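A.B. asks: Below you'll find my_file17.txt; it's compact mmCIF, C-alpha atoms and all ligand atoms.
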```txt
# COMPACT_ATOMS: atom_id res chain seq x y z
CA MET A 7 0.00 0.00 0.00
CA PHE A 8 1.16 3.54 -0.78
CA VAL A 9 2.46 5.37 2.29
CA GLN A 10 0.99 8.87 2.50
CA VAL A 11 2.12 12.03 4.26
CA PRO A 12 1.40 11.87 8.04
CA ARG A 13 -1.97 13.24 9.22
CA GLY A 14 -1.90 16.99 9.82
CA THR A 15 1.20 17.62 7.70
CA LYS A 16 1.50 18.96 4.16
CA ASP A 17 3.99 19.13 1.34
CA ILE A 18 4.63 22.73 0.35
CA LEU A 19 4.65 22.35 -3.42
CA PRO A 20 6.74 24.18 -6.04
CA GLN A 21 3.69 26.19 -7.15
CA GLU A 22 3.20 27.39 -3.56
CA ILE A 23 6.76 27.98 -2.47
CA GLY A 24 7.12 31.36 -4.24
CA ALA A 25 4.48 32.91 -1.99
CA TRP A 26 6.10 31.36 1.10
CA GLN A 27 9.51 32.73 0.14
CA GLU A 28 8.01 36.13 -0.56
CA ALA A 29 6.37 36.21 2.90
CA GLU A 30 9.69 35.24 4.46
CA ARG A 31 11.67 37.77 2.43
CA LYS A 32 9.33 40.63 3.37
CA SER A 33 9.30 39.54 7.02
CA ARG A 34 13.10 39.42 7.16
CA HIS A 35 13.24 42.92 5.69
CA ILE A 36 10.87 44.41 8.31
CA LEU A 37 12.54 42.46 11.13
CA SER A 38 15.95 43.81 10.19
CA LEU A 39 14.56 47.38 10.19
CA TYR A 40 13.57 46.81 13.83
CA ASN A 41 17.05 45.38 14.49
CA TYR A 42 16.06 41.75 15.07
CA GLN A 43 18.64 39.01 14.46
CA GLU A 44 17.80 35.50 13.36
CA ILE A 45 18.27 32.56 15.72
CA ARG A 46 17.89 28.87 14.81
CA THR A 47 17.40 26.48 17.71
CA PRO A 48 17.07 22.68 17.44
CA ILE A 49 13.76 21.25 16.22
CA PHE A 50 13.72 18.95 19.25
CA GLU A 51 14.39 19.79 22.88
CA ASN A 52 14.30 18.06 26.24
CA VAL A 53 10.72 17.51 27.38
CA ALA A 54 11.45 19.15 30.75
CA LEU A 55 11.93 22.54 29.05
CA PHE A 56 8.31 22.77 27.90
CA LYS A 57 6.89 21.24 31.07
CA ARG A 58 8.66 23.92 33.10
CA SER A 59 7.90 26.80 30.71
CA LEU A 60 4.38 26.20 29.45
CA GLY A 61 3.03 24.46 32.57
CA ASP A 62 1.93 20.89 33.29
CA THR A 63 -1.78 21.62 33.03
CA THR A 64 -1.69 23.36 29.63
CA GLU A 65 -3.35 21.75 26.64
CA ILE A 66 -0.03 21.56 24.77
CA VAL A 67 1.89 19.75 27.52
CA LYS A 68 -0.99 17.47 28.51
CA LYS A 69 -2.11 16.36 25.06
CA GLN A 70 -0.24 17.81 22.11
CA MET A 71 3.46 17.08 22.40
CA PHE A 72 5.20 14.63 20.05
CA VAL A 73 7.38 12.99 22.66
CA PHE A 74 10.03 10.34 22.00
CA LYS A 75 12.82 8.59 23.83
CA GLN A 76 16.32 8.09 22.52
CA GLY A 77 18.37 6.08 24.97
CA GLU A 78 18.28 8.00 28.23
CA ASP A 79 17.03 11.21 26.61
CA HIS A 80 13.39 12.19 26.90
CA LEU A 81 12.79 14.46 23.90
CA VAL A 82 9.99 16.37 22.18
CA LEU A 83 9.50 17.98 18.77
CA ARG A 84 9.22 21.65 19.72
CA PRO A 85 5.57 22.75 20.04
CA GLU A 86 6.62 26.43 20.07
CA ALA A 87 9.86 28.40 20.20
CA THR A 88 9.63 30.92 23.05
CA ALA A 89 10.85 28.40 25.63
CA SER A 90 13.65 27.29 23.27
CA ILE A 91 14.77 30.88 22.71
CA ALA A 92 14.74 31.59 26.46
CA ARG A 93 16.85 28.46 26.98
CA ALA A 94 19.27 29.45 24.20
CA TYR A 95 19.51 33.01 25.58
CA LEU A 96 20.47 31.70 29.03
CA GLU A 97 22.69 28.88 27.83
CA ASN A 98 24.70 31.06 25.42
CA ASN A 99 24.77 34.11 27.68
CA LEU A 100 23.16 36.24 24.96
CA GLY A 101 22.45 39.02 27.46
CA PHE A 102 26.17 39.62 28.01
CA GLY A 103 27.06 43.18 26.98
CA VAL A 104 23.69 43.71 25.26
CA LYS A 105 20.85 45.24 27.26
CA LEU A 106 18.12 44.26 24.86
CA ARG A 107 18.38 41.19 22.61
CA LYS A 108 16.01 41.16 19.68
CA LEU A 109 15.72 37.72 18.12
CA PHE A 110 13.54 36.29 15.37
CA TYR A 111 12.89 32.80 14.05
CA ILE A 112 11.15 31.18 11.12
CA GLY A 113 10.54 27.46 11.19
CA PRO A 114 8.36 24.42 11.86
CA MET A 115 6.54 23.66 15.13
CA PHE A 116 4.72 20.45 16.04
CA ARG A 117 1.50 19.86 17.95
CA ALA A 118 -0.59 16.69 17.93
CA GLU A 119 -3.90 18.50 17.40
CA ARG A 120 -6.96 17.38 15.47
CA PRO A 121 -6.23 18.70 11.96
CA GLN A 122 -8.65 21.11 10.27
CA LYS A 123 -8.47 24.23 8.07
CA GLY A 124 -5.66 26.39 9.50
CA ARG A 125 -4.75 23.78 12.11
CA GLN A 126 -1.99 21.29 11.37
CA ARG A 127 0.30 18.99 13.28
CA GLN A 128 3.34 20.50 11.62
CA PHE A 129 2.96 24.24 11.08
CA HIS A 130 5.35 27.18 10.83
CA HIS A 131 6.01 30.20 13.00
CA ILE A 132 7.40 33.58 12.09
CA GLY A 133 8.16 34.88 15.55
CA VAL A 134 10.11 37.42 17.56
CA GLU A 135 11.39 37.62 21.13
CA ALA A 136 12.71 40.89 22.61
CA ILE A 137 14.60 39.94 25.76
CA GLY A 138 16.11 42.19 28.45
CA SER A 139 13.59 44.89 29.33
CA PHE A 140 10.55 45.40 31.58
CA ASN A 141 9.75 48.71 29.88
CA PRO A 142 6.13 48.72 28.63
CA ASN A 143 7.17 50.86 25.67
CA LEU A 144 8.74 47.67 24.34
CA ASP A 145 5.26 46.07 24.31
CA ILE A 146 4.07 48.94 22.11
CA GLU A 147 7.06 48.54 19.79
CA VAL A 148 6.54 44.77 19.50
CA ILE A 149 2.83 45.13 18.73
CA GLY A 150 3.72 47.94 16.30
CA LEU A 151 6.16 45.56 14.60
CA ALA A 152 3.48 42.86 14.30
CA ASP A 153 1.16 45.44 12.72
CA HIS A 154 3.88 46.61 10.32
CA LEU A 155 4.65 43.04 9.29
CA LEU A 156 1.02 42.31 8.43
CA LYS A 157 0.77 45.51 6.39
CA GLU A 158 3.97 44.61 4.50
CA LEU A 159 2.41 41.24 3.63
CA GLY A 160 -0.62 43.07 2.20
CA ILE A 161 -2.95 41.72 4.90
CA SER A 162 -5.83 43.93 6.04
CA ASP A 163 -9.02 43.59 8.14
CA TYR A 164 -7.19 42.13 11.12
CA LYS A 165 -7.67 43.18 14.71
CA PHE A 166 -5.50 43.05 17.82
CA LEU A 167 -7.27 41.76 20.94
CA VAL A 168 -5.41 43.01 24.00
CA ASN A 169 -5.51 42.27 27.72
CA SER A 170 -3.27 42.37 30.79
CA LEU A 171 -2.88 39.44 33.17
CA GLY A 172 -0.77 41.54 35.55
CA CYS A 173 2.12 40.29 37.65
CA PRO A 174 1.99 36.84 39.32
CA LYS A 175 0.15 38.28 42.35
CA ASP A 176 -2.45 39.87 40.06
CA LYS A 177 -2.78 36.63 38.14
CA ILE A 178 -3.72 34.89 41.38
CA LYS A 179 -6.29 37.62 42.12
CA PHE A 180 -7.63 37.26 38.57
CA SER A 181 -7.93 33.51 38.94
CA ASP A 182 -9.71 33.91 42.32
CA LEU A 183 -12.19 36.33 40.76
CA LEU A 184 -12.78 33.91 37.90
CA LYS A 185 -13.23 31.02 40.29
CA GLU A 186 -15.79 32.95 42.32
CA GLU A 187 -17.72 34.00 39.24
CA LEU A 188 -17.55 30.73 37.29
CA SER A 189 -18.46 28.62 40.32
CA LYS A 190 -21.87 30.33 40.18
CA HIS A 191 -22.35 28.74 36.73
CA LYS A 192 -20.66 25.43 37.50
CA ASP A 193 -23.71 23.32 36.59
CA LYS A 194 -23.86 24.84 33.11
CA LEU A 195 -20.16 24.41 32.28
CA CYS A 196 -18.97 21.40 30.26
CA LYS A 197 -17.46 18.40 32.06
CA ASP A 198 -13.87 19.46 31.26
CA CYS A 199 -14.42 23.02 32.49
CA ARG A 200 -15.86 21.79 35.79
CA LEU A 201 -12.48 20.13 36.35
CA ARG A 202 -10.61 23.15 35.01
CA ILE A 203 -12.12 25.37 37.74
CA ASN A 204 -9.78 23.68 40.21
CA GLN A 205 -6.90 22.67 37.92
CA ASN A 206 -6.29 25.71 35.69
CA ILE A 207 -9.17 28.13 35.66
CA PHE A 208 -7.76 30.22 32.80
CA ARG A 209 -8.33 27.32 30.43
CA VAL A 210 -12.09 27.70 30.89
CA LEU A 211 -11.76 30.98 28.96
CA ASP A 212 -10.36 29.12 25.93
CA CYS A 213 -13.03 26.38 25.92
CA LYS A 214 -14.74 25.88 22.57
CA ASN A 215 -18.03 24.53 24.05
CA GLU A 216 -20.87 26.91 23.04
CA GLN A 217 -22.45 27.06 26.47
CA CYS A 218 -19.05 27.78 28.10
CA ILE A 219 -18.33 30.50 25.50
CA ARG A 220 -21.66 32.14 26.36
CA ILE A 221 -20.89 32.14 30.09
CA VAL A 222 -17.33 33.39 29.58
CA SER A 223 -18.37 36.22 27.23
CA GLY A 224 -20.55 37.65 30.01
CA LEU A 225 -17.60 38.00 32.40
CA GLY A 226 -16.07 41.40 33.12
CA PHE A 227 -13.92 42.63 35.99
CA GLY A 228 -12.84 46.07 34.79
CA HIS A 229 -9.24 44.94 35.36
CA LYS A 230 -9.77 45.36 39.11
CA TYR A 231 -7.30 42.52 39.76
CA LEU A 232 -4.38 44.67 38.46
CA CYS A 233 -2.03 46.32 40.98
CA ALA A 234 -1.19 50.02 40.53
CA ASP A 235 2.05 49.35 38.60
CA CYS A 236 0.48 46.84 36.23
CA LYS A 237 -2.49 49.12 35.65
CA ASP A 238 -0.15 52.05 34.81
CA SER A 239 1.82 49.89 32.37
CA PHE A 240 -1.36 48.65 30.74
CA VAL A 241 -2.75 52.18 30.32
CA LEU A 242 0.57 53.29 28.83
CA VAL A 243 0.53 50.41 26.32
CA VAL A 244 -3.08 51.04 25.29
CA GLU A 245 -2.37 54.78 24.85
CA GLY A 246 0.64 53.85 22.72
CA LEU A 247 -1.45 51.59 20.48
CA LYS A 248 -3.91 54.44 19.97
CA ARG A 249 -1.08 56.79 19.00
CA LEU A 250 0.23 54.26 16.44
CA ASN A 251 -3.28 53.89 14.98
CA ILE A 252 -3.35 50.17 15.65
CA ASN A 253 -6.73 48.52 15.28
CA TYR A 254 -7.15 47.01 18.74
CA GLU A 255 -9.93 45.99 21.09
CA LEU A 256 -9.67 45.32 24.82
CA ARG A 257 -10.72 41.75 25.58
CA GLU A 258 -10.79 40.86 29.26
CA GLN A 259 -11.42 37.20 28.47
CA LEU A 260 -8.12 36.87 26.60
CA VAL A 261 -5.74 34.91 28.84
CA ARG A 262 -3.60 32.82 26.42
CA GLY A 263 -3.12 29.12 27.01
CA LEU A 264 0.48 29.09 28.25
CA ASP A 265 1.60 29.56 31.87
CA TYR A 266 4.62 31.72 31.08
CA TYR A 267 2.58 34.81 30.23
CA SER A 268 2.15 37.77 32.56
CA GLY A 269 1.38 41.44 31.93
CA VAL A 270 0.16 42.42 28.47
CA VAL A 271 -1.05 39.62 26.18
CA PHE A 272 -2.51 39.89 22.69
CA GLU A 273 -3.90 37.96 19.78
CA VAL A 274 -4.40 39.02 16.15
CA THR A 275 -7.61 37.77 14.56
CA HIS A 276 -8.68 37.75 10.92
CA PRO A 277 -12.17 37.05 9.54
CA ALA A 278 -10.87 34.99 6.56
CA LEU A 279 -9.63 32.23 8.85
CA GLY A 280 -12.94 30.82 10.11
CA ALA A 281 -12.93 28.90 13.39
CA GLN A 282 -9.15 29.09 13.78
CA ASP A 283 -9.16 32.86 13.52
CA ALA A 284 -5.84 33.71 15.24
CA LEU A 285 -3.19 34.85 12.77
CA GLY A 286 -0.77 35.16 15.63
CA ALA A 287 -0.40 35.89 19.30
CA GLY A 288 2.03 36.92 21.99
CA GLY A 289 2.69 38.91 25.10
CA ARG A 290 5.02 39.42 28.05
CA TYR A 291 6.72 36.56 29.80
CA ASP A 292 8.80 38.31 32.47
CA TYR A 293 8.79 35.37 34.86
CA LEU A 294 9.91 32.64 32.47
CA PHE A 295 13.57 33.38 33.15
CA LYS A 296 12.93 33.18 36.90
CA GLU A 297 11.33 29.78 36.35
CA LEU A 298 14.18 28.50 34.17
CA ALA A 299 17.22 30.04 35.87
CA ASP A 300 16.12 32.23 38.78
CA LYS A 301 16.95 35.40 36.82
CA GLU A 302 15.07 38.72 36.62
CA ILE A 303 14.77 39.34 32.90
CA GLY A 304 11.87 41.08 31.18
CA ALA A 305 10.76 39.83 27.75
CA VAL A 306 7.98 40.16 25.21
CA GLY A 307 7.32 38.53 21.86
CA PHE A 308 4.83 37.04 19.43
CA ALA A 309 4.52 34.41 16.74
CA PHE A 310 2.45 34.37 13.57
CA GLY A 311 1.25 31.06 12.14
CA GLN A 312 2.78 31.13 8.66
CA GLU A 313 0.08 28.89 7.12
CA ARG A 314 -2.54 31.32 8.42
CA LEU A 315 -0.61 34.31 7.07
CA MET A 316 -0.63 32.58 3.68
CA LEU A 317 -4.44 32.15 3.90
CA ALA A 318 -4.93 35.86 4.68
CA MET A 319 -2.41 37.19 2.15
CA PRO A 320 -3.60 38.43 -1.25
CA LYS A 321 -2.92 35.78 -3.89
CA ASN A 322 -0.66 37.75 -6.21
CA ASN A 323 2.72 36.66 -4.91
CA GLN A 324 4.02 34.54 -7.75
CA ALA A 325 7.42 32.90 -7.86
CA VAL A 326 9.92 34.49 -10.24
CA GLY A 327 9.83 32.29 -13.33
CA LEU A 328 12.17 31.24 -16.06
CA LYS A 329 14.32 34.00 -17.61
CA VAL A 330 16.01 32.30 -20.55
CA TYR A 331 14.75 29.45 -22.73
CA ILE A 332 16.80 27.99 -25.61
CA VAL A 333 15.14 26.12 -28.47
CA THR A 334 17.29 24.01 -30.76
CA LEU A 335 16.73 21.84 -33.81
CA GLY A 336 19.14 19.05 -34.74
CA ARG A 337 22.17 17.56 -33.02
CA ALA A 338 24.69 20.36 -33.76
CA ALA A 339 22.28 23.06 -32.58
CA THR A 340 21.49 21.07 -29.41
CA GLU A 341 25.23 20.78 -28.66
CA LYS A 342 25.69 24.52 -29.20
CA GLY A 343 22.53 25.27 -27.21
CA MET A 344 23.78 23.26 -24.27
CA GLU A 345 27.13 25.05 -24.36
CA LEU A 346 25.32 28.38 -24.42
CA SER A 347 22.96 27.55 -21.59
CA GLN A 348 25.87 26.38 -19.43
CA LYS A 349 27.67 29.68 -20.16
CA ILE A 350 24.58 31.72 -19.31
P1 LIG B 1 0.49 30.29 20.03
O1 LIG B 1 -0.74 31.13 20.19
O2 LIG B 1 0.44 28.94 20.60
O3 LIG B 1 1.67 31.13 20.68
O4 LIG B 1 0.86 30.19 18.50
C1 LIG B 1 0.99 31.35 17.71
C2 LIG B 1 0.25 31.20 16.40
O5 LIG B 1 0.65 29.99 15.75
C3 LIG B 1 -1.27 31.05 16.52
O6 LIG B 1 -1.90 32.29 16.69
C4 LIG B 1 -1.59 30.42 15.19
O7 LIG B 1 -1.63 31.38 14.16
C5 LIG B 1 -0.40 29.51 14.94
N1 LIG B 1 -0.72 28.13 15.31
C6 LIG B 1 -0.75 27.58 16.53
N2 LIG B 1 -1.06 26.26 16.48
C7 LIG B 1 -1.24 25.98 15.17
C8 LIG B 1 -1.58 24.79 14.43
N3 LIG B 1 -1.79 23.62 15.04
N4 LIG B 1 -1.67 24.85 13.09
C9 LIG B 1 -1.44 26.04 12.44
N5 LIG B 1 -1.12 27.18 13.08
C10 LIG B 1 -1.02 27.16 14.43
C11 LIG B 1 2.96 30.66 20.77
O8 LIG B 1 3.35 29.64 20.28
C12 LIG B 1 3.88 31.61 21.51
N6 LIG B 1 5.21 31.01 21.52
C13 LIG B 1 3.91 32.98 20.86
C14 LIG B 1 4.83 33.93 21.58
C15 LIG B 1 6.07 34.31 21.18
N7 LIG B 1 4.59 34.50 22.74
C16 LIG B 1 5.63 35.22 23.09
N8 LIG B 1 6.54 35.10 22.16
```
Translate the structure described by the file into structure tokens.
Ligand code: HAM

C.D. replies:
Amino acid sequence: MFVQVPRGTKDILPQEIGAWQEAERKSRHILSLYNYQEIRTPIFENVALFKRSLGDTTEIVKKQMFVFKQGEDHLVLRPEATASIARAYLENNLGFGVKLRKLFYIGPMFRAERPQKGRQRQFHHIGVEAIGSFNPNLDIEVIGLADHLLKELGISDYKFLVNSLGCPKDKIKFSDLLKEELSKHKDKLCKDCRLRINQNIFRVLDCKNEQCIRIVSGLGFGHKYLCADCKDSFVLVVEGLKRLNINYELREQLVRGLDYYSGVVFEVTHPALGAQDALGAGGRYDYLFKELADKEIGAVGFAFGQERLMLAMPKNNQAVGLKVYIVTLGRAATEKGMELSQKI
């Protein structure tokens, strides 16, 4: 029997690759204007890295990692790159002599999800990580960069959804508020969410069950869980987005599925994508470095799903075609033609 491509993966064919290369070329151009340098980390990492960084109760760590053993090593195909970049930053001392490290990456990620339009098991990220600052102006710059990148790719009609989770103490307050509020609706939540109330309440906000979505969309806390410093930073960021004319909307239900986030988080949605409507997402992860190496290092970043960018991009990015074509007739002409084409 013929052996097909694995479920949830795709060949990127010659007729498609021109548009992919064009998206990458334009992205590299914008990223270099903002002074980002490329980093390439291994496609597989030690499992412990993602367990520590993303959190044991997250969907990715619980269900979606392609894990394998090689001898004594317990490995995983990387489900995302932020944790890898943080590891590489620490391991290679990339903060030495440089206050702010701006890194970008383009490459495949792997998650064992149920495949559907815009959701694959192997997909690609174009992402950035700015490491070394707690300054909220960096959040504005990073969101501004994401906006600039989309414009360069000719994508329009997208929207940034923005929220702040606050510092770890605020996050606990936020989760307590959510617990109090959602417990009132416990009977109407799905079976999974009833468990999530005690395990990881933030995951209730990402549930795709219609009844849960209805309950969650009615929640609103006016950001009262934020401490004075986090509130000031958030106001500063939102004012900055207004000044840069970025199309944003505040969304208090946006929490992001990964434990490493704190402070400002965001997602970019696009109507052309259907159910999987996030073109990309990101936010601050100031406490990841504390978790990995007990270091105080501020950082913010985002990643776009390249497949989803390709779906939202206008379809006029053709590969550059053939430039010279030699036609010959007869043996002597063919010999001459081949000499000529080799010379050219
Ligand atoms: P994420 O939201 O898990 O964030 O992924 C970012 C984007 O990757 C999503 O918005 C989506 O466009 C795309 N994506 C995710 N899963 C799939 C899939 N199965 N198939 C196709 N596309 C997918 C992160 O991974 C964070 N590391 C982003 C970040 C960088 N935060 C800070 N720095």

A.B. asks: Considering only C-alpha atoms, return as a list in words whatever protein or nucleic-acid residues lie within 12 Å of His130 of chain A, sequence-local ones (same chain, fewer than 6 positions apart) excluded.

C.D. replies: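 Result of the neighbour search: Thr15, Lys16, Ile18, Trp26, Glu30, Ile49, Arg84, Pro85, Glu86, Ala87, Tyr111, Ile112, Gly113, Pro114, Met115, Phe116, Arg117, Gly124, Leu285, Gly286, Ala309, Phe310, Gly311, Gln312, Glu313, Arg314, Leu315 and Met316 of chain A.
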
A.B. asks: For Ala287 of chain A, work out the shell of residues within 8 Å, counting all atoms listed in the file and skipping chain neighbours fewer than 6 positions away, then give it as a list in words.

C.D. replies: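 The neighbour list is Val271, Phe272, Glu273, Val274, Phe308, Ala309 and Phe310 of chain A.
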
A.B. asks: Place a sphere of radius 8 Å on (13.8, 13.0, 23.6) in the file coordinates and name every protein, DNA or RNA residue with an atom inside or on its surface, counting only C-alpha atoms; give the answer as a list in words.

C.D. replies: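 Within the cut-off we find Phe50, Glu51, Asn52, Val53, Val73, Phe74, Lys75, Gln76, Asp79, His80, Leu81 and Val82 of chain A.
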
A.B. asks: Please compute the atom CA of Asn253 of chain A-atom CA of Asp176 of chain A distance, one decimal, in Å.

C.D. replies: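 Calculated distance between atom CA of Asn253 of chain A and atom CA of Asp176 of chain A is 26.6 Å.
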
A.B. asks: For the atom pair atom CA of Ala234 of chain A and atom CA of Pro142 of chain A, what is the interatomic distance in Å to one decimal place?

C.D. replies: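 Result for atom CA of Ala234 of chain A versus atom CA of Pro142 of chain A: 14.0 Å, one decimal.
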
A.B. asks: Could you give me, as a ChimeraX atom specification, the residues within 6 Å of segment 257-259 of chain A, counting all atoms listed in the file and dropping anything in the same chain fewer than 6 positions from it?

C.D. replies: /A:167-169

A.B. asks: I'd like to know which of A:Tyr164, A:Tyr331, A:Phe110, A:Tyr266 is closest to Ala278 of chain A, using all atoms listed in the file.

C.D. replies: A:Tyr164

A.B. asks: Just give me the gap between atom CA of Lys248 of chain A and atom CA of Leu156 of chain A in Å, one decimal is fine.

C.D. replies: 17.5 Å

A.B. asks: Taking into account all atoms listed in the file, which residue in the set A:Ser223, A:Gln282, A:Asn215, A:Ser162 is nearest to ligand LIG 1 (chain B)?

C.D. replies: A:Gln282

A.B. asks: Using all atoms listed in the file, which protein or nucleic acid residues come within 12 Å of Asp235 of chain A? Drop anything in the same chain fewer than 3 positions from it, and give the result as a PyMOL selection string.

C.D. replies: chain A and resi 140-142+170+172-173+175-176+231-232+238-242+269

A.B. asks: Go through A:Val9, A:Val67, A:Leu183, A:Ala118 one by one, measure the shortest atom-to-atom distance of each to ligand LIG 1 (chain B) using only C-alpha atoms and all ligand atoms, and give the residue with the smallest value.

C.D. replies: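 Residue with the minimum atom-to-atom distance to ligand LIG 1 (chain B): A:Ala118.
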
A.B. asks: Nearest to ligand LIG 1 (chain B) among A:Lys108, A:Lys349, A:Lys190, A:Arg202, with distances taken over only C-alpha atoms and all ligand atoms: which residue is it?

C.D. replies: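 Closest to ligand LIG 1 (chain B), using only C-alpha atoms and all ligand atoms: A:Lys108.
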
A.B. asks: Between A:Val244, A:Leu225, A:Leu60, A:Val210, which has the minimum distance to ligand LIG 1 (chain B) (counting all atoms listed in the file)?

C.D. replies: A:Leu60

A.B. asks: In terms of the shortest atom-to-atom distance over only C-alpha atoms, which of A:Pro320, A:Gly150, A:Gly160, A:Gly343 is closest to Leu247 of chain A?

C.D. replies: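 For Leu247 of chain A, the nearest of the given residues is A:Gly150.
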
A.B. asks: Could you list, as a VMD selection string, every residue within 12 Å of Arg220 of chain A, counting all atoms listed in the file and ignoring same-chain residues fewer than 3 positions away?

C.D. replies: chain A and resid 188 191 194 to 196 210 to 217 223 to 225 259

A.B. asks: Those residues you just picked out, can you put them in a file as a short mmCIF file (atom, residue, chain, number, x, y, z; two decimals), keeping the file's coordinate frame with C-alpha atoms?

C.D. replies:
```
data_model
loop_
_atom_site.label_atom_id
_atom_site.label_comp_id
_atom_site.auth_asym_id
_atom_site.auth_seq_id
_atom_site.Cartn_x
_atom_site.Cartn_y
_atom_site.Cartn_z
CA LEU A 188 -17.55 30.73 37.29
CA HIS A 191 -22.35 28.74 36.73
CA LYS A 194 -23.86 24.84 33.11
CA LEU A 195 -20.16 24.41 32.28
CA CYS A 196 -18.97 21.40 30.26
CA VAL A 210 -12.09 27.70 30.89
CA LEU A 211 -11.76 30.98 28.96
CA ASP A 212 -10.36 29.12 25.93
CA CYS A 213 -13.03 26.38 25.92
CA LYS A 214 -14.74 25.88 22.57
CA ASN A 215 -18.03 24.53 24.05
CA GLU A 216 -20.87 26.91 23.04
CA GLN A 217 -22.45 27.06 26.47
CA SER A 223 -18.37 36.22 27.23
CA GLY A 224 -20.55 37.65 30.01
CA LEU A 225 -17.60 38.00 32.40
CA GLN A 259 -11.42 37.20 28.47
#
```
